[in-house]
Amino acid sequence: MLIQIIGVGKLKEKYLTLGIQEYAKRLAPYIKFHMIEVADEKAPDTLSEAEVRAVKEREGERILAHVKSEAHVVALALDGQLWSSEELATEIDKLGTYGTSHVVFVIGGSHGLSDEVLRRAKQRLSFGRMTLPHQLMRLVLVEQIYRAVKINRGEPYHK
């Protein structure tokens, strides 16, 4: 199985990079895992709705350039479904068994995801109503993917 995370923006904080590298190393015996960063759109802090939409569209084009046609896309979105770790594990297992062996999780930039990316997604996932920095979300997501793999294999992992 190949699982990718596509995120907008470059990780700058070393502690996040090191955490993601650690989980990627732990995932290596079980699945193929890749993290893809696409450039964020440089924009001032205050934007009109039209400017926000334009930023999301440009970032969305960069995201979709990395999504293959056979990939099952899961968009991280505030209006997405709330899954437990066990439910995420079940979804990944079902996809690998009955759907596709290529899953792409997409994390937008500070303004979120474009409508085009959301339309391409087969599922939307939310990690709750709290807002998390999109860079921190990458670490949280890769840890949950690792946890899901361990759950699916029936192997112990801390609770």
# chains A, B, ... in the order shown; residues from 1 in each chain; ligands from 1
$ residues_around --residues "Lys42 in chain A" --least-positions-apart "4" --cutoff "12 Å" --atoms "only C-alpha atoms" --output "ChimeraX atom specification"
/A:8-9,46-47,51-52,54-56,58-59,109-111
$ write_last_selection --atoms "C-alpha atoms" --output "short mmCIF file (atom, residue, chain, number, x, y, z; two decimals), in the first residue's frame"
data_model
loop_
_atom_site.label_atom_id
_atom_site.label_comp_id
_atom_site.auth_asym_id
_atom_site.auth_seq_id
_atom_site.Cartn_x
_atom_site.Cartn_y
_atom_site.Cartn_z
CA VAL A 8 0.78 23.08 1.38
CA GLY A 9 3.90 24.93 2.52
CA THR A 46 -5.68 40.54 4.82
CA LEU A 47 -7.35 39.32 1.64
CA GLU A 51 -8.27 36.84 -3.30
CA VAL A 52 -8.61 33.95 -0.80
CA ALA A 54 -7.60 32.67 -5.96
CA VAL A 55 -4.93 31.63 -3.44
CA LYS A 56 -6.73 28.34 -2.73
CA ARG A 58 -3.44 28.16 -7.19
CA GLU A 59 -2.47 25.95 -4.24
CA GLY A 109 -2.69 25.87 3.57
CA SER A 110 -3.77 28.54 5.99
CA HIS A 111 -6.87 29.33 3.90
#
$ residues_around --residues "range 113-123 of chain A" --least-positions-apart "2" --cutoff "8 Å" --atoms "only C-alpha atoms" --output "VMD selection string"
chain A and resid 53 56 to 57 59 to 60 63 to 64 72 to 75 77 80 107 to 109 111 125
$ select_by_dssp --residues "chain A" --states "strand (DSSP E)" --output "JSON, numbers by chain"
{"A": [2, 3, 4, 5, 6, 7, 8, 32, 33, 34, 35, 36, 37, 38, 72, 73, 74, 75, 76, 77, 78, 79, 80, 81, 82, 102, 103, 104, 105, 106, 107, 123, 124, 125, 126]}
$ residues_around --residues "Glu87 in chain A" --least-positions-apart "3" --cutoff "12 Å" --atoms "only C-alpha atoms" --output "number ranges by chain"
A: 81-84, 90-94, 125, 144-145, 147-149, 151-152
$ atom_distance --atom1 "CA of Val103 in chain A" --atom2 "CA of Ala65 in chain A"
15.2 Å
$ closest_atom_pairs --of "range 59-147 of chain A" --to "range 16-25 of chain A" --cutoff "10 Å" --atoms "only C-alpha atoms" --output "CSV"
residue,atom,partner,partner_atom,distance
A:Gln135,CA,A:Leu16,CA,7.7
A:Leu136,CA,A:Leu16,CA,6.8
A:Met137,CA,A:Leu16,CA,9.6
A:Arg138,CA,A:Ile20,CA,7.6
A:Leu139,CA,A:Ile20,CA,5.5
A:Val140,CA,A:Ile20,CA,8.8
A:Leu141,CA,A:Ile20,CA,9.3
A:Val142,CA,A:Tyr23,CA,6.5
A:Glu143,CA,A:Tyr23,CA,6.3
A:Gln144,CA,A:Tyr23,CA,9.6
A:Ile145,CA,A:Tyr23,CA,8.9
A:Tyr146,CA,A:Tyr23,CA,6.7
A:Arg147,CA,A:Tyr23,CA,9.7
$ atom_distance --atom1 "CA of His66 in chain A" --atom2 "CA of Lys10 in chain A"
15.7 Å
$ closest_residue --among "A:Gly7, A:Lys68, A:Tyr15, A:Arg26" --to "Ala39 in chain A" --atoms "only C-alpha atoms"
A:Gly7
$ select_by_dssp --residues "chain A" --states "alpha helix (DSSP H)" --output "NGL selection string"
:A and (14-27 or 49-64 or 85-94 or 115-120 or 134-153)
$ residues_around --residues "Ile3 in chain A" --least-positions-apart "2" --cutoff "10 Å" --atoms "only C-alpha atoms" --output "list in words"
Met1, Ile5, Ile6, Ile31, Lys32, Phe33, His34, Met35, Ala71, His72, Ile92, Ser101, His102, Val103, Val104, Phe105, Val142 and Ile145 of chain A
$ atom_distance --atom1 "CA of Ala28 in chain A" --atom2 "CA of Arg124 in chain A"
25.6 Å
$ closest_residue --among "A:Leu78, A:Lys150, A:Glu41, A:Leu88" --to "Leu132 in chain A" --atoms "only C-alpha atoms"
A:Leu78
$ closest_residue --among "A:Arg62, A:Asp45, A:Asp79, A:Gly154" --to "Met130 in chain A" --atoms "only C-alpha atoms"
A:Asp79
